[in-house]
Structures are given as structure tokens and as C-alpha cells.
>>> print(open('final_25.txt').read())   # compact mmCIF, C-alpha atoms
# COMPACT_ATOMS: atom_id res chain seq x y z
CA ALA A 1 -26.80 -14.98 5.32
CA ARG A 2 -27.88 -12.51 8.00
CA LEU A 3 -25.42 -14.03 10.46
CA PHE A 4 -22.49 -13.74 8.05
CA ARG A 5 -23.33 -10.11 7.17
CA ARG A 6 -21.73 -9.13 10.46
CA GLY A 7 -18.45 -9.35 8.55
CA GLY A 8 -19.73 -7.12 5.74
CA GLU A 9 -21.45 -7.92 2.45
CA GLU A 10 -18.30 -9.09 0.67
CA SER A 11 -17.33 -11.37 3.57
CA ALA A 12 -20.87 -12.74 3.77
CA ALA A 13 -20.86 -13.54 0.07
CA GLN A 14 -17.53 -15.36 0.43
CA GLU A 15 -18.72 -17.37 3.45
CA LEU A 16 -21.91 -18.36 1.63
CA ARG A 17 -19.98 -19.37 -1.49
CA LEU A 18 -17.90 -21.73 0.66
CA ILE A 19 -21.04 -23.23 2.19
CA ASP A 20 -22.73 -23.59 -1.21
CA ALA A 21 -19.62 -25.26 -2.64
CA ALA A 22 -19.53 -27.68 0.31
CA ARG A 23 -23.19 -28.57 -0.19
CA GLN A 24 -22.61 -29.14 -3.89
CA ARG A 25 -19.66 -31.45 -3.15
CA LEU A 26 -21.93 -33.47 -0.88
CA VAL A 27 -24.74 -33.64 -3.43
CA ASP A 28 -22.29 -34.61 -6.20
CA SER A 29 -20.65 -37.36 -4.14
CA SER A 30 -21.49 -40.96 -4.87
CA GLU A 31 -23.62 -42.81 -2.36
CA SER A 32 -20.67 -45.01 -1.39
CA GLU A 33 -18.48 -42.04 -0.46
CA ARG A 34 -21.20 -39.76 0.93
CA GLY A 35 -20.47 -40.62 4.57
CA SER A 36 -16.78 -39.75 4.34
CA VAL A 37 -17.52 -36.61 2.30
CA GLU A 38 -20.09 -35.58 4.91
CA ASP A 39 -17.59 -36.06 7.75
CA ARG A 40 -14.88 -34.11 5.92
CA LEU A 41 -17.27 -31.26 5.07
CA ARG A 42 -18.62 -31.13 8.61
CA ASN A 43 -15.05 -30.64 9.88
CA GLU A 44 -14.32 -27.95 7.27
CA LEU A 45 -17.53 -26.10 8.06
CA MET A 46 -16.89 -26.27 11.80
CA ILE A 47 -13.47 -24.68 11.23
CA GLN A 48 -15.07 -22.03 9.00
CA LEU A 49 -17.70 -21.26 11.62
CA ALA A 50 -15.17 -21.21 14.47
CA ALA A 51 -12.98 -18.75 12.55
CA PHE A 52 -16.00 -16.54 11.85
CA LEU A 53 -17.04 -16.57 15.52
CA GLN A 54 -13.49 -15.67 16.59
CA LYS A 55 -13.73 -12.55 14.40
CA HIS A 56 -17.35 -11.85 15.41
CA PRO A 57 -18.02 -13.21 18.92
CA ASP A 58 -21.19 -11.11 19.12
CA ALA A 59 -22.70 -13.48 16.50
CA ALA A 60 -22.68 -16.42 18.94
CA GLN A 61 -26.12 -15.67 20.40
CA GLU A 62 -27.68 -15.23 16.97
CA LEU A 63 -26.15 -18.55 15.90
CA GLN A 64 -27.54 -20.24 19.02
CA ASP A 65 -30.99 -18.82 18.19
CA LEU A 66 -30.73 -20.25 14.66
CA VAL A 67 -29.73 -23.67 16.05
CA ASP A 68 -32.67 -23.61 18.46
CA GLN A 69 -35.05 -22.70 15.62
CA ALA A 70 -33.71 -25.54 13.48
CA LYS A 71 -34.05 -28.04 16.32
CA GLY A 72 -37.64 -26.89 16.91
CA ALA A 73 -38.46 -27.33 13.23
CA ASN A 74 -37.11 -30.90 13.29
CA ASP A 75 -38.91 -32.01 16.47
CA GLY A 76 -41.87 -33.68 14.81
CA GLY A 77 -43.15 -30.53 13.16
CA GLY A 78 -41.76 -31.35 9.72
CA ALA A 79 -43.75 -32.57 6.76
CA ARG A 80 -44.17 -36.31 6.38
CA THR A 81 -45.34 -38.24 3.36
CA SER A 82 -46.64 -41.81 3.39
CA VAL A 83 -47.05 -43.72 0.14
CA HIS A 84 -49.12 -46.91 -0.04
CA HIS A 85 -50.04 -49.19 -2.94
CA ASN A 86 -47.38 -47.61 -5.12
CA THR A 87 -46.43 -48.88 -8.57
CA ASP A 88 -42.90 -49.54 -9.79
CA SER A 89 -42.84 -46.24 -11.67
CA MET A 90 -44.05 -43.95 -8.88
CA VAL A 91 -41.79 -41.10 -7.82
CA VAL A 92 -42.58 -39.03 -4.74
CA ILE A 93 -40.79 -35.78 -3.95
CA SER A 94 -41.16 -34.26 -0.51
CA GLY A 95 -39.40 -31.77 1.75
CA GLY A 96 -39.42 -34.23 4.64
CA ASP A 97 -39.07 -37.94 5.22
CA ILE A 98 -40.65 -40.29 2.72
CA ASN A 99 -42.10 -43.55 3.98
CA ALA A 100 -43.36 -45.99 1.36
CA SER A 101 -45.07 -49.28 2.05
CA GLY A 102 -42.69 -52.19 2.03
CA GLY A 103 -40.26 -50.62 4.47
CA PHE A 104 -38.48 -48.20 2.15
CA HIS A 105 -37.28 -45.08 3.98
CA TYR A 106 -35.37 -42.25 2.33
CA ARG A 107 -33.87 -39.07 3.77
CA ALA A 108 -32.29 -36.54 1.42
CA PRO A 109 -28.51 -36.16 2.00
CA GLU A 110 -28.75 -32.53 3.10
CA GLN A 111 -31.26 -33.46 5.81
CA SER A 112 -29.42 -36.37 7.37
CA ARG A 113 -28.20 -36.13 10.98
>>> encode(input="final_25.txt", output="C-alpha cells")
Amino acid sequence: ARLFRRGGEESAAQELRLIDAARQRLVDSSESERGSVEDRLRNELMIQLAAFLQKHPDAAQELQDLVDQAKGANDGGGARTSVHHNTDSMVVISGGDINASGGFHYRAPEQSR
């Protein structure tokens, strides 16, 4: 949000609405179409970001800093949950990867790639 405020509050709100709508489309997509929806949304968001950076080239360094922070947060520093001896009715919710005995591995759609 701070990055998009360079265009003013109204512009920031519009940019964030587009991002929120894209995320919701991904979350609402079926598992079978999630990959294609993700690819399409990635392209749309790249165009959105490129257009924003053309209008506000001074935001490029701040964006790079945000990318570096995100990469640092994903380099082994994230939360991990291991589940062993689970029953058929067990549900585990976590902000990071979930590893359950038996080889099951799940990553939430918004965290993939």
C-alpha cells in the first residue's frame, strides 16, 4: 500500500482493489484451473506494476527493497509445521508449509512459487 501511495490515496486504493480482486479470482478458482488462472493473473499484475512504475519510476528502489525483504523471509526463515500420527479427521492450519507423515505436502495457493 505504501508503494502505491506515490500515486495518491485514490490511485493507491484503486491499485489495491485490482490486486485484491486478482487474489480473490485465484482463491475462487478450481484446483484444476488454478495453474492457468495463476499464469493469467501474473501477466495482468506484471502489466499493472509496469504501468505504475512508468508513472512513478522513483518507486523502483522501494519495490526492489520489498522484493528483497520477501526473498529474505522465504529463505528458510518461515514457519514450518510437521504433523505425525495424525487421525483421519485432523486439520492443521499454518502460515507456512505443512508436512504430514505419509508424504502429504501442501502449500497454500497464494504462497506458491
>>> residues_around(input="final_25.txt", residues="segment 16-21 of chain A", least_positions_apart="2", cutoff="9 Å", atoms="only C-alpha atoms", output="number ranges by chain")
A: 1, 4, 11-14, 23-26, 45, 48
>>> atom_distance(input="final_25.txt", atom1="atom CA of Glu38 of chain A", atom2="atom CA of Leu66 of chain A")
21.1 Å
>>> atom_distance(input="final_25.txt", atom1="atom CA of Asp58 of chain A", atom2="atom CA of Arg40 of chain A")
27.3 Å
>>> atom_distance(input="final_25.txt", atom1="atom CA of Glu9 of chain A", atom2="atom CA of Ala60 of chain A")
18.6 Å
>>> closest_residue(input="final_25.txt", among="A:Ala22, A:Ala59, A:Gln64, A:Ala70", to="Arg42 of chain A", atoms="only C-alpha atoms")
A:Ala22
